[in-house]
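Text of target.txt, listed as compact mmCIF, C-alpha atoms and all ligand atoms:
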```txt
# COMPACT_ATOMS: atom_id res chain seq x y z
CA MET A 1 0.00 0.00 0.00
CA GLU A 2 1.24 3.48 -0.81
CA PHE A 3 -0.31 6.88 -0.21
CA ALA A 4 0.39 10.49 0.67
CA PHE A 5 -2.06 12.12 3.03
CA GLY A 6 -1.83 15.47 4.75
CA LEU A 7 -3.42 18.80 5.56
CA PRO A 8 -2.00 22.31 5.33
CA GLY A 9 -2.89 23.50 8.82
CA GLN A 10 -4.63 23.13 12.14
CA SER A 11 -8.43 22.94 12.53
CA ILE A 12 -10.19 24.51 15.51
CA PHE A 13 -13.87 23.56 15.60
CA GLY A 14 -16.66 24.52 17.96
CA THR A 15 -19.67 26.70 18.62
CA GLY A 16 -18.40 30.14 19.61
CA SER A 17 -14.83 29.32 18.54
CA SER A 18 -14.62 32.45 16.36
CA LYS A 19 -14.14 34.40 19.61
CA LYS A 20 -10.58 32.99 19.62
CA LEU A 21 -9.68 34.92 16.46
CA SER A 22 -7.59 37.70 18.08
CA GLU A 23 -5.77 35.21 20.29
CA ILE A 24 -4.80 33.13 17.24
CA ILE A 25 -3.64 36.22 15.30
CA THR A 26 -1.52 37.32 18.24
CA SER A 27 0.02 33.84 18.54
CA PHE A 28 1.59 34.49 15.11
CA GLY A 29 2.90 37.88 16.25
CA GLY A 30 0.29 39.60 14.09
CA LYS A 31 -0.27 43.35 14.56
CA THR A 32 -1.58 44.50 11.17
CA VAL A 33 -4.31 42.18 9.91
CA PHE A 34 -5.64 41.99 6.35
CA CYS A 35 -9.26 40.94 6.39
CA VAL A 36 -10.83 39.56 3.18
CA TYR A 37 -14.61 39.09 2.86
CA ASP A 38 -17.51 39.80 0.50
CA LYS A 39 -20.47 42.14 0.72
CA GLY A 40 -22.98 39.33 1.36
CA VAL A 41 -21.18 38.13 4.47
CA LYS A 42 -20.93 41.71 5.71
CA LYS A 43 -24.68 42.18 5.10
CA ALA A 44 -25.38 38.99 7.05
CA GLY A 45 -23.84 40.75 10.09
CA ILE A 46 -20.95 38.34 10.50
CA VAL A 47 -18.02 40.62 9.70
CA ASP A 48 -18.73 43.63 11.95
CA GLY A 49 -18.58 41.70 15.22
CA LEU A 50 -15.27 40.08 14.30
CA LEU A 51 -13.76 43.40 13.13
CA LYS A 52 -14.88 45.11 16.34
CA MET A 53 -13.35 42.33 18.43
CA MET A 54 -9.99 42.49 16.59
CA LYS A 55 -9.83 46.27 16.94
CA ALA A 56 -10.76 46.13 20.64
CA ASP A 57 -7.90 43.68 21.09
CA GLY A 58 -5.45 46.29 19.75
CA LEU A 59 -5.03 44.96 16.21
CA LYS A 60 -4.85 47.25 13.18
CA VAL A 61 -7.29 45.97 10.56
CA ILE A 62 -7.13 46.63 6.80
CA GLU A 63 -10.13 45.41 4.79
CA TYR A 64 -10.89 44.13 1.28
CA ASP A 65 -14.61 43.60 0.60
CA GLY A 66 -14.58 43.30 -3.22
CA VAL A 67 -14.65 39.49 -3.53
CA VAL A 68 -17.16 38.22 -6.13
CA PRO A 69 -18.60 34.68 -6.43
CA ASN A 70 -16.14 32.44 -8.31
CA PRO A 71 -13.41 34.99 -7.42
CA THR A 72 -11.27 36.37 -10.21
CA ASP A 73 -7.64 37.22 -10.96
CA THR A 74 -8.72 40.88 -10.75
CA ASN A 75 -9.94 40.37 -7.17
CA VAL A 76 -6.62 38.78 -6.29
CA GLU A 77 -4.57 41.66 -7.79
CA GLU A 78 -6.73 44.34 -6.14
CA ALA A 79 -6.50 42.70 -2.73
CA ALA A 80 -2.73 42.10 -3.02
CA ASN A 81 -2.11 45.76 -3.92
CA ILE A 82 -3.93 46.92 -0.79
CA ALA A 83 -2.19 44.36 1.43
CA ARG A 84 1.30 45.24 0.09
CA LYS A 85 0.81 48.96 0.73
CA ALA A 86 -0.36 48.31 4.29
CA ASP A 87 2.50 45.87 4.99
CA VAL A 88 0.14 43.40 6.66
CA ASP A 89 1.52 40.52 8.71
CA VAL A 90 -1.46 38.18 9.12
CA VAL A 91 -4.35 37.46 6.71
CA VAL A 92 -7.90 36.61 7.84
CA ALA A 93 -10.56 35.32 5.42
CA ILE A 94 -14.19 35.49 6.53
CA GLY A 95 -16.78 33.92 4.24
CA GLY A 96 -17.48 31.08 1.88
CA GLY A 97 -15.10 29.54 -0.62
CA SER A 98 -15.01 32.74 -2.66
CA ALA A 99 -13.58 34.92 0.14
CA MET A 100 -11.26 32.16 1.39
CA ASP A 101 -9.92 31.35 -2.10
CA CYS A 102 -9.35 35.02 -2.86
CA ALA A 103 -7.42 35.43 0.41
CA LYS A 104 -5.34 32.30 -0.24
CA ALA A 105 -4.43 33.40 -3.79
CA MET A 106 -3.69 36.97 -2.72
CA ASN A 107 -1.46 35.61 0.05
CA ILE A 108 0.54 33.56 -2.49
CA ILE A 109 1.45 36.60 -4.57
CA LEU A 110 2.38 38.65 -1.49
CA THR A 111 5.49 36.49 -1.03
CA ASN A 112 5.94 35.01 -4.53
CA PRO A 113 6.75 37.09 -7.64
CA GLY A 114 4.50 37.59 -10.66
CA SER A 115 0.78 37.08 -11.05
CA ILE A 116 -1.52 34.31 -9.83
CA GLN A 117 -1.51 32.76 -13.33
CA ASP A 118 2.16 31.85 -12.76
CA TYR A 119 1.11 29.38 -10.05
CA GLU A 120 -1.62 27.46 -11.87
CA GLY A 121 -1.32 23.71 -11.31
CA LEU A 122 -0.01 21.63 -8.45
CA GLY A 123 3.23 22.32 -6.57
CA MET A 124 4.10 25.62 -8.27
CA VAL A 125 4.24 27.86 -5.17
CA LYS A 126 7.78 27.92 -3.76
CA ASN A 127 7.86 30.60 -1.03
CA PRO A 128 5.89 30.33 2.23
CA ALA A 129 2.97 32.75 2.48
CA LYS A 130 1.96 34.82 5.53
CA PRO A 131 -0.07 33.17 8.32
CA LEU A 132 -3.67 32.88 7.14
CA ILE A 133 -6.67 32.20 9.36
CA ALA A 134 -9.72 31.01 7.44
CA VAL A 135 -13.13 31.46 9.05
CA PRO A 136 -15.77 29.67 6.93
CA THR A 137 -19.34 30.96 6.90
CA THR A 138 -20.72 28.33 4.49
CA ALA A 139 -20.61 24.56 5.03
CA GLY A 140 -19.49 23.61 1.56
CA THR A 141 -16.13 24.19 -0.05
CA ALA A 142 -13.85 23.25 2.88
CA SER A 143 -11.40 25.76 1.44
CA GLU A 144 -10.46 26.49 5.08
CA VAL A 145 -8.71 23.09 5.31
CA THR A 146 -7.52 22.40 1.77
CA GLY A 147 -4.31 23.24 -0.03
CA PHE A 148 -6.21 24.48 -3.08
CA THR A 149 -7.48 27.81 -4.32
CA ILE A 150 -9.70 28.18 -7.38
CA ILE A 151 -9.44 31.49 -9.23
CA THR A 152 -11.19 32.50 -12.46
CA ASP A 153 -8.83 33.69 -15.19
CA THR A 154 -10.95 36.43 -16.74
CA LYS A 155 -9.07 36.43 -20.05
CA ARG A 156 -9.01 32.69 -20.71
CA LEU A 157 -12.45 32.14 -19.10
CA LYS A 158 -11.07 29.30 -17.02
CA LYS A 159 -11.17 28.38 -13.35
CA MET A 160 -7.51 27.86 -12.48
CA VAL A 161 -6.73 25.29 -9.82
CA ILE A 162 -3.69 26.21 -7.73
CA GLY A 163 -2.62 23.60 -5.21
CA GLY A 164 0.23 22.29 -3.12
CA GLN A 165 2.55 23.62 -0.40
CA HIS A 166 2.06 27.18 0.91
CA VAL A 167 -1.48 27.50 -0.51
CA GLY A 168 -3.66 26.42 2.41
CA ALA A 169 -4.69 28.33 5.54
CA THR A 170 -2.46 28.03 8.61
CA VAL A 171 -5.49 27.78 10.89
CA ALA A 172 -9.08 26.88 10.02
CA LEU A 173 -11.38 28.40 12.63
CA LEU A 174 -14.74 26.64 12.24
CA ASP A 175 -17.66 28.09 14.19
CA PRO A 176 -21.05 26.60 13.19
CA GLU A 177 -22.80 29.69 14.61
CA LEU A 178 -21.49 31.71 11.66
CA THR A 179 -23.44 29.49 9.24
CA MET A 180 -26.82 30.06 10.95
CA SER A 181 -27.61 33.08 8.76
CA LEU A 182 -27.22 31.17 5.47
CA PRO A 183 -30.42 31.30 3.41
CA ALA A 184 -32.04 27.96 2.50
CA SER A 185 -30.97 27.98 -1.15
CA ILE A 186 -27.30 28.64 -0.32
CA THR A 187 -27.39 26.04 2.48
CA ALA A 188 -28.62 23.47 -0.05
CA SER A 189 -26.22 24.47 -2.81
CA THR A 190 -23.08 24.69 -0.66
CA GLY A 191 -24.08 21.53 1.23
CA MET A 192 -24.36 19.62 -2.06
CA ASP A 193 -20.86 20.86 -2.93
CA ALA A 194 -19.62 19.28 0.31
CA LEU A 195 -21.44 16.02 -0.44
CA THR A 196 -19.92 16.02 -3.93
CA HIS A 197 -16.43 16.47 -2.43
CA ALA A 198 -16.92 13.44 -0.19
CA ILE A 199 -18.37 11.25 -2.97
CA GLU A 200 -15.75 12.24 -5.54
CA ALA A 201 -12.89 11.76 -3.05
CA TYR A 202 -14.22 8.31 -2.14
CA VAL A 203 -14.26 7.03 -5.74
CA SER A 204 -11.15 8.99 -6.84
CA LYS A 205 -8.08 7.23 -8.21
CA GLY A 206 -6.17 9.17 -5.53
CA ALA A 207 -8.22 7.71 -2.63
CA SER A 208 -6.46 6.08 0.33
CA VAL A 209 -7.52 4.55 3.65
CA PRO A 210 -7.33 7.87 5.55
CA SER A 211 -9.18 9.79 2.82
CA ASP A 212 -11.85 7.03 2.67
CA ILE A 213 -12.52 7.20 6.42
CA ASN A 214 -13.03 10.95 6.25
CA ALA A 215 -15.12 10.74 3.06
CA LEU A 216 -17.53 8.12 4.44
CA LYS A 217 -18.05 9.99 7.73
CA ALA A 218 -18.65 13.17 5.73
CA ILE A 219 -21.22 11.43 3.49
CA SER A 220 -23.01 10.13 6.57
CA LEU A 221 -23.10 13.51 8.37
CA ILE A 222 -24.06 15.59 5.33
CA SER A 223 -26.72 13.28 3.87
CA ARG A 224 -28.47 13.05 7.25
CA SER A 225 -28.39 16.80 8.00
CA ILE A 226 -28.64 18.67 4.71
CA VAL A 227 -32.45 18.67 4.43
CA GLU A 228 -32.92 19.70 8.08
CA ALA A 229 -30.25 22.46 7.84
CA THR A 230 -31.95 23.76 4.69
CA GLU A 231 -35.53 23.64 5.99
CA ASN A 232 -34.76 24.65 9.57
CA GLY A 233 -31.66 26.82 9.47
CA LYS A 234 -31.80 27.56 13.19
CA ASN A 235 -31.23 23.89 14.09
CA ALA A 236 -27.78 24.20 15.69
CA ASP A 237 -27.07 20.44 15.57
CA ALA A 238 -27.83 20.26 11.84
CA ARG A 239 -25.59 23.31 11.19
CA SER A 240 -22.79 21.80 13.27
CA ASN A 241 -23.05 18.44 11.45
CA MET A 242 -22.94 20.20 8.09
CA LEU A 243 -19.81 22.20 8.96
CA LEU A 244 -18.12 19.12 10.43
CA GLY A 245 -19.12 17.02 7.40
CA SER A 246 -17.86 19.67 5.01
CA MET A 247 -14.53 19.86 6.90
CA LEU A 248 -14.09 16.06 6.81
CA ALA A 249 -14.89 16.02 3.09
CA GLY A 250 -12.09 18.60 2.72
CA TYR A 251 -9.72 16.33 4.69
CA ALA A 252 -10.56 13.60 2.15
CA PHE A 253 -10.31 15.51 -1.12
CA ASN A 254 -7.25 17.50 -0.12
CA SER A 255 -5.27 14.30 -0.74
CA ALA A 256 -7.62 12.19 -2.88
CA VAL A 257 -8.53 15.11 -5.20
CA LEU A 258 -11.93 15.21 -6.97
CA GLY A 259 -13.45 13.92 -10.22
CA LEU A 260 -15.59 14.49 -13.26
CA VAL A 261 -18.39 16.32 -11.40
CA HIS A 262 -16.00 19.15 -10.53
CA SER A 263 -14.44 19.03 -14.00
CA ILE A 264 -17.87 19.73 -15.49
CA ALA A 265 -18.92 22.19 -12.76
CA HIS A 266 -16.00 24.57 -13.32
CA PRO A 267 -16.82 25.38 -16.98
CA LEU A 268 -20.53 25.47 -16.08
CA SER A 269 -19.76 28.28 -13.61
CA VAL A 270 -17.45 30.15 -15.98
CA HIS A 271 -19.61 29.96 -19.13
CA CYS A 272 -23.11 29.87 -17.64
CA GLY A 273 -22.68 31.70 -14.31
CA LEU A 274 -23.90 28.86 -12.09
CA ALA A 275 -22.95 28.92 -8.40
CA HIS A 276 -20.32 26.25 -7.71
CA GLY A 277 -22.58 24.10 -5.54
CA ASP A 278 -25.53 24.26 -7.96
CA ALA A 279 -23.31 23.22 -10.88
CA ASN A 280 -21.97 20.21 -8.94
CA ALA A 281 -25.36 19.17 -7.63
CA ALA A 282 -27.03 19.21 -11.04
CA VAL A 283 -24.58 16.71 -12.56
CA LEU A 284 -23.63 14.62 -9.48
CA PRO A 285 -26.11 11.70 -9.81
CA TYR A 286 -25.45 11.32 -13.54
CA VAL A 287 -21.68 11.13 -13.04
CA MET A 288 -22.27 8.64 -10.20
CA GLU A 289 -24.43 6.57 -12.57
CA PHE A 290 -21.69 6.74 -15.24
CA ASN A 291 -19.00 5.70 -12.72
CA THR A 292 -21.04 2.83 -11.27
CA LYS A 293 -19.87 0.56 -14.08
CA VAL A 294 -16.29 0.67 -12.75
CA VAL A 295 -16.88 1.37 -9.03
CA PRO A 296 -20.12 -0.49 -8.11
CA GLU A 297 -18.85 -1.52 -4.65
CA LYS A 298 -17.72 1.98 -3.78
CA THR A 299 -21.04 3.44 -4.92
CA TYR A 300 -22.80 0.82 -2.77
CA ASP A 301 -20.61 1.93 0.21
CA ILE A 302 -21.84 5.49 -0.41
CA GLY A 303 -25.43 4.18 -0.13
CA ILE A 304 -24.54 2.43 3.15
CA ALA A 305 -22.98 5.65 4.53
CA MET A 306 -26.15 7.53 3.54
CA GLY A 307 -28.22 4.96 5.47
CA ILE A 308 -30.00 3.93 2.26
CA CYS A 309 -28.44 0.48 1.66
CA LYS A 310 -28.27 -2.57 3.86
CA ALA A 311 -25.40 -5.05 4.16
CA GLY A 312 -25.66 -8.16 1.99
CA MET A 313 -27.10 -6.52 -1.13
CA LYS A 314 -25.58 -7.02 -4.57
CA ALA A 315 -23.16 -4.13 -5.22
CA GLU A 316 -24.96 -3.06 -8.44
CA GLU A 317 -28.32 -3.05 -6.67
CA GLY A 318 -26.94 -0.97 -3.76
CA ALA A 319 -25.20 1.42 -6.16
CA LYS A 320 -28.48 2.02 -8.00
CA LEU A 321 -30.21 2.88 -4.71
CA ALA A 322 -27.41 5.33 -3.82
CA VAL A 323 -27.79 7.15 -7.15
CA GLU A 324 -31.59 7.28 -6.75
CA ALA A 325 -31.16 8.68 -3.21
CA VAL A 326 -28.98 11.52 -4.53
CA LYS A 327 -31.56 12.30 -7.25
CA LYS A 328 -34.28 12.41 -4.56
CA LEU A 329 -32.12 14.74 -2.46
CA LEU A 330 -31.86 17.17 -5.40
CA LYS A 331 -35.66 17.29 -5.66
CA GLN A 332 -36.10 17.75 -1.88
CA LEU A 333 -33.56 20.59 -1.90
CA ARG A 334 -35.11 22.19 -5.02
CA ILE A 335 -31.81 22.14 -6.91
CA LYS A 336 -32.34 23.47 -10.43
CA THR A 337 -31.81 21.28 -13.50
CA LEU A 338 -29.39 22.76 -16.02
CA GLN A 339 -32.38 23.85 -18.12
CA GLU A 340 -33.97 25.63 -15.15
CA ALA A 341 -30.60 27.24 -14.38
CA GLY A 342 -30.57 28.80 -17.87
CA VAL A 343 -27.82 26.66 -19.43
CA LYS A 344 -28.15 26.38 -23.22
CA ARG A 345 -27.63 23.06 -25.02
CA GLU A 346 -25.40 24.85 -27.56
CA GLN A 347 -22.90 25.36 -24.70
CA PHE A 348 -22.49 21.63 -24.00
CA GLU A 349 -19.69 21.01 -26.54
CA ARG A 350 -17.49 23.77 -25.08
CA ILE A 351 -18.23 22.71 -21.50
CA ALA A 352 -17.30 19.09 -22.34
CA GLU A 353 -14.07 20.17 -24.06
CA ASP A 354 -13.07 22.31 -21.08
CA ALA A 355 -13.99 19.53 -18.63
CA LEU A 356 -11.51 17.19 -20.33
CA ASN A 357 -8.70 19.67 -19.53
CA GLU A 358 -9.47 19.96 -15.80
CA ILE A 359 -7.04 18.52 -13.21
CA SER A 360 -9.85 16.54 -11.52
CA THR A 361 -10.40 14.57 -14.75
CA LEU A 362 -7.09 12.79 -14.08
CA PHE A 363 -8.54 11.34 -10.86
CA THR A 364 -12.02 10.31 -11.97
CA PRO A 365 -12.44 6.50 -11.84
CA ARG A 366 -13.93 6.05 -15.33
CA GLU A 367 -12.42 7.87 -18.28
CA ALA A 368 -15.06 9.83 -20.19
CA SER A 369 -15.03 10.94 -23.82
CA LYS A 370 -16.32 14.33 -24.94
CA ASN A 371 -19.53 12.69 -26.21
CA GLU A 372 -20.06 10.89 -22.91
CA ILE A 373 -19.74 14.20 -21.05
CA VAL A 374 -22.31 15.73 -23.41
CA ASP A 375 -24.61 12.75 -22.62
CA ILE A 376 -24.19 13.47 -18.88
CA LEU A 377 -25.02 17.15 -19.48
CA ASN A 378 -28.14 16.14 -21.42
CA LEU A 379 -29.33 14.00 -18.51
CA ALA A 380 -28.72 16.86 -16.05
CA TYR A 381 -30.53 19.25 -18.41
CA ARG A 382 -33.95 17.69 -18.54
CA SER A 383 -34.18 15.59 -15.36
N1 LIG B 401 -10.39 25.91 -2.37
C1 LIG B 401 -11.10 24.81 -2.42
O1 LIG B 401 -10.65 23.75 -1.99
C2 LIG B 401 -12.46 24.89 -3.03
C3 LIG B 401 -13.27 23.74 -3.07
C4 LIG B 401 -14.53 23.86 -3.65
C5 LIG B 401 -14.97 25.08 -4.13
N2 LIG B 401 -14.17 26.16 -4.09
C6 LIG B 401 -14.59 27.48 -4.63
O2 LIG B 401 -15.38 28.17 -3.67
C7 LIG B 401 -16.26 29.09 -4.34
C8 LIG B 401 -17.67 28.91 -3.84
O3 LIG B 401 -17.75 29.14 -2.46
P1 LIG B 401 -19.14 28.99 -1.67
O4 LIG B 401 -19.92 27.90 -2.29
O5 LIG B 401 -18.82 28.90 -0.23
O6 LIG B 401 -19.92 30.32 -2.01
P2 LIG B 401 -19.54 31.88 -1.84
O7 LIG B 401 -18.35 32.06 -0.99
O8 LIG B 401 -19.50 32.46 -3.21
O9 LIG B 401 -20.82 32.41 -1.06
C9 LIG B 401 -22.10 32.33 -1.66
C10 LIG B 401 -22.96 33.48 -1.18
O10 LIG B 401 -23.31 33.26 0.18
C11 LIG B 401 -23.08 34.44 0.94
N3 LIG B 401 -22.80 33.99 2.30
C12 LIG B 401 -21.70 33.30 2.72
N4 LIG B 401 -21.83 33.00 4.02
C13 LIG B 401 -23.02 33.50 4.44
C14 LIG B 401 -23.73 33.48 5.68
N5 LIG B 401 -23.25 32.83 6.75
N6 LIG B 401 -24.92 34.10 5.74
C15 LIG B 401 -25.46 34.69 4.65
N7 LIG B 401 -24.86 34.74 3.45
C16 LIG B 401 -23.65 34.13 3.35
C17 LIG B 401 -21.95 35.13 0.23
O11 LIG B 401 -21.94 36.51 0.52
C18 LIG B 401 -22.27 34.84 -1.23
O12 LIG B 401 -23.19 35.78 -1.72
C19 LIG B 401 -16.14 28.78 -5.83
O13 LIG B 401 -15.34 29.74 -6.46
C20 LIG B 401 -15.47 27.41 -5.85
O14 LIG B 401 -14.73 27.17 -7.03
C21 LIG B 401 -12.95 26.09 -3.53
ZN ZN B 402 -16.45 21.96 -4.82
```
Transcribe the structure of this file into structure tokens.
Amino acid sequence: MEFAFGLPGQSIFGTGSSKKLSEIITSFGGKTVFCVYDKGVKKAGIVDGLLKMMKADGLKVIEYDGVVPNPTDTNVEEAANIARKADVDVVVAIGGGSAMDCAKAMNIILTNPGSIQDYEGLGMVKNPAKPLIAVPTTAGTASEVTGFTIITDTKRLKKMVIGGQHVGATVALLDPELTMSLPASITASTGMDALTHAIEAYVSKGASVPSDINALKAISLISRSIVEATENGKNADARSNMLLGSMLAGYAFNSAVLGLVHSIAHPLSVHCGLAHGDANAAVLPYVMEFNTKVVPEKTYDIGIAMGICKAGMKAEEGAKLAVEAVKKLLKQLRIKTLQEAGVKREQFERIAEDALNEISTLFTPREASKNEIVDILNLAYRS
């Protein structure tokens, strides 16, 4: 057996744990803090309390609030210019994957020359970045614990994946209370992203025993809490399970990497403007169905983790139930089909071509041709 498994930083999890933010910054000798967030998180009332606390604790805080969904190279440049001028010593990201990825990418180019495009791929970042504390406010991307950042190249219309050493946050500070304000639709969409991470990591060619353990626990937690967290957002246990499940899915895919669902989701976001979680959710069951031919046992395991399948079934039978359960989840969570999301069939060829060039495609268990990807898109279009 051979594997490489690791995580970029430390995880601190617990209700109310965000109150430890100043203490953690100070432990790195931080005095001037660069805080990256987006306007939605600010509007939700999450940012002001944390800013007030940092200032009351004697820290100087510089802010960047311009992050957009599926953050861009322009966001990264803008933020880095502000941070360089202010000579910041610690970076704090507050928000979903967009704010955290922007902060991670900006932090890379603070200590490494050139632009973020120079670091596309795995293992390209050579110099250590500044200490970064990631405070997630969605239970979805797990960007707080992964060594990846995903940045849209606005010229090439491509979501660049940048991964490896010096990319991830130094500390992930996970406080489920900060996810309580998430509206139902974003809870569902980001939660389905987390479920996709766990499922793709579990069937990935890069999977290992430690990634499998984390992936299966994540599938179990997320599949049992996502409907409750969406329908009853004030249920603290459901919120906590979602954030924990999302974090464990991140532990899994940080080493196992992802698969064809993410390969298709990235061009869907870039060309059709879909939110990351919605794009993943819409194609997930159809990619699972496609993969079942080569990973029936693993798909059956997913059904067992979801509490859908019993021991002793035939693998193919269990796998079918798992796929049906994911389709049912999409209906319960009111996830839009590609047609409802405004995707045009004429865009399928380009999306399929781009999907073939994504890093995750190297890890998907069953190789797919361009035509097979178009078939998957057609299924996700009209279902
Ligand atoms: N780095 C990684 O490992 C990784 C993994 C998967 C996805 N991603 C990337 O993450 C991005 C998506 O992140 P996301 O799905 O978390 O969405 P997001 O960060 O874009 O947030 C979605 C919306 O929710 C709002 N929001 C966030 N938290 C809130 C809260 N608590 N209350 C109310 N509103 C809130 C935001 O303001 C925003 O409008 C994509 O760019 C995707 O490619 C990164
Ligand atoms: Zn994702």
Exercise for the section: List the neighbours of Val61 in chain A out to 10 Å using all atoms listed in the file; skip same-chain residues closer than 2 positions along the sequence, and give me the result as number ranges by chain. Expected result: A: 31-35, 51-52, 54-55, 58-59, 63, 86, 88, 90-92
Tell me, counting only C-alpha atoms and all ligand atoms, for each residue of chain A within 8 Å of ligand ZN 402 (chain B), which pair of atoms is nearest and how far apart they are in Å to one decimal, in rows ordered by chain and increasing number, as a tab-separated table.
```
residue	atom	partner	partner_atom	distance
A:Gly140	CA	B:ZN402	ZN	7.3
A:Thr141	CA	B:ZN402	ZN	5.3
A:Asp193	CA	B:ZN402	ZN	4.9
A:Ala194	CA	B:ZN402	ZN	6.6
A:Thr196	CA	B:ZN402	ZN	6.9
A:His197	CA	B:ZN402	ZN	6.0
A:His262	CA	B:ZN402	ZN	6.4
A:His276	CA	B:ZN402	ZN	6.5
A:Gly277	CA	B:ZN402	ZN	6.5
A:Asn280	CA	B:ZN402	ZN	7.1
```
C-alpha atoms of the current selection, written as a PDB file, in the coordinates of the input:
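What follows is the written file selection-v4.pdb:
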```
ATOM      1  CA  GLY A 140     -19.490  23.610   1.560  1.00  0.00           C
ATOM      2  CA  THR A 141     -16.130  24.190  -0.050  1.00  0.00           C
ATOM      3  CA  ASP A 193     -20.860  20.860  -2.930  1.00  0.00           C
ATOM      4  CA  ALA A 194     -19.620  19.280   0.310  1.00  0.00           C
ATOM      5  CA  THR A 196     -19.920  16.020  -3.930  1.00  0.00           C
ATOM      6  CA  HIS A 197     -16.430  16.470  -2.430  1.00  0.00           C
ATOM      7  CA  HIS A 262     -16.000  19.150 -10.530  1.00  0.00           C
ATOM      8  CA  HIS A 276     -20.320  26.250  -7.710  1.00  0.00           C
ATOM      9  CA  GLY A 277     -22.580  24.100  -5.540  1.00  0.00           C
ATOM     10  CA  ASN A 280     -21.970  20.210  -8.940  1.00  0.00           C
TER      11      ASN A 280
END
```
Exercise for the section: Could you check how far CA of Val167 in chain A sits from CA of Ala99 in chain A, in Å to one decimal? Expected result: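 Distance between the two atoms: 14.2 Å.
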Taking a cut-off of 6 Å and counting only C-alpha atoms and all ligand atoms, can you build a table that, for each residue of chain A near ligand LIG 401 (chain B), reports the nearest atom pair and how far apart they are in Å (one decimal), sorted by chain then residue number, as JSON lines?
```
{"residue": "A:Asp38", "atom": "CA", "partner": "B:LIG401", "partner_atom": "O11", "distance": 5.5}
{"residue": "A:Lys39", "atom": "CA", "partner": "B:LIG401", "partner_atom": "O11", "distance": 5.8}
{"residue": "A:Gly40", "atom": "CA", "partner": "B:LIG401", "partner_atom": "O11", "distance": 3.1}
{"residue": "A:Val41", "atom": "CA", "partner": "B:LIG401", "partner_atom": "O11", "distance": 4.3}
{"residue": "A:Ala44", "atom": "CA", "partner": "B:LIG401", "partner_atom": "C15", "distance": 4.9}
{"residue": "A:Pro69", "atom": "CA", "partner": "B:LIG401", "partner_atom": "O8", "distance": 4.0}
{"residue": "A:Asn70", "atom": "CA", "partner": "B:LIG401", "partner_atom": "O13", "distance": 3.4}
{"residue": "A:Pro71", "atom": "CA", "partner": "B:LIG401", "partner_atom": "O13", "distance": 5.7}
{"residue": "A:Gly95", "atom": "CA", "partner": "B:LIG401", "partner_atom": "N4", "distance": 5.1}
{"residue": "A:Gly96", "atom": "CA", "partner": "B:LIG401", "partner_atom": "O7", "distance": 3.2}
{"residue": "A:Gly97", "atom": "CA", "partner": "B:LIG401", "partner_atom": "O3", "distance": 3.3}
{"residue": "A:Ser98", "atom": "CA", "partner": "B:LIG401", "partner_atom": "O7", "distance": 3.8}
{"residue": "A:Ala99", "atom": "CA", "partner": "B:LIG401", "partner_atom": "O7", "distance": 5.7}
{"residue": "A:Asp101", "atom": "CA", "partner": "B:LIG401", "partner_atom": "N1", "distance": 5.5}
{"residue": "A:Thr137", "atom": "CA", "partner": "B:LIG401", "partner_atom": "N4", "distance": 4.3}
{"residue": "A:Thr138", "atom": "CA", "partner": "B:LIG401", "partner_atom": "N4", "distance": 4.8}
{"residue": "A:Gly140", "atom": "CA", "partner": "B:LIG401", "partner_atom": "O5", "distance": 5.6}
{"residue": "A:Thr141", "atom": "CA", "partner": "B:LIG401", "partner_atom": "C4", "distance": 4.0}
{"residue": "A:Ala142", "atom": "CA", "partner": "B:LIG401", "partner_atom": "O1", "distance": 5.8}
{"residue": "A:Ser143", "atom": "CA", "partner": "B:LIG401", "partner_atom": "N1", "distance": 3.9}
{"residue": "A:Thr146", "atom": "CA", "partner": "B:LIG401", "partner_atom": "O1", "distance": 5.1}
{"residue": "A:Phe148", "atom": "CA", "partner": "B:LIG401", "partner_atom": "N1", "distance": 4.5}
{"residue": "A:Thr149", "atom": "CA", "partner": "B:LIG401", "partner_atom": "N1", "distance": 4.0}
{"residue": "A:Ile150", "atom": "CA", "partner": "B:LIG401", "partner_atom": "O14", "distance": 5.1}
{"residue": "A:Leu178", "atom": "CA", "partner": "B:LIG401", "partner_atom": "N5", "distance": 5.3}
{"residue": "A:Thr179", "atom": "CA", "partner": "B:LIG401", "partner_atom": "N5", "distance": 4.2}
{"residue": "A:Ser181", "atom": "CA", "partner": "B:LIG401", "partner_atom": "N6", "distance": 4.2}
{"residue": "A:Leu182", "atom": "CA", "partner": "B:LIG401", "partner_atom": "N6", "distance": 3.7}
{"residue": "A:Thr190", "atom": "CA", "partner": "B:LIG401", "partner_atom": "O4", "distance": 4.8}
{"residue": "A:His276", "atom": "CA", "partner": "B:LIG401", "partner_atom": "C19", "distance": 5.2}
{"residue": "A:Gly277", "atom": "CA", "partner": "B:LIG401", "partner_atom": "O4", "distance": 5.7}
```
Practice task
Please identify all polymer residues within 9 Å of range 220-235 of chain A, counting only C-alpha atoms, omitting same-chain residues fewer than 3 positions from it, and present them as a PyMOL selection string.
Solution key: chain A and resi 179-188+191-192+194-195+215-217+238-246+302+304-307+326+329+332-333
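Note that the spacing between CA of Glu289 in chain A and CA of Tyr251 in chain A amounts to 24.7 Å.
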Problem - Who sits within 12 Å of Tyr286 in chain A, only C-alpha atoms, same chain under 4 positions skipped, as an MDAnalysis selection string - result: chainID A and resid 260:261 264 280:282 290:292 320 322:324 326:327 330 337 372:383
Exercise for the section: Tell me which protein, DNA and RNA residues are within 6 Å of Ala319 in chain A, counting only C-alpha atoms, leaving out same-chain ones fewer than 5 positions away, and put them as a list in words. Expected result: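 Contacts, in chain order: Pro296, Thr299 and Tyr300 of chain A.
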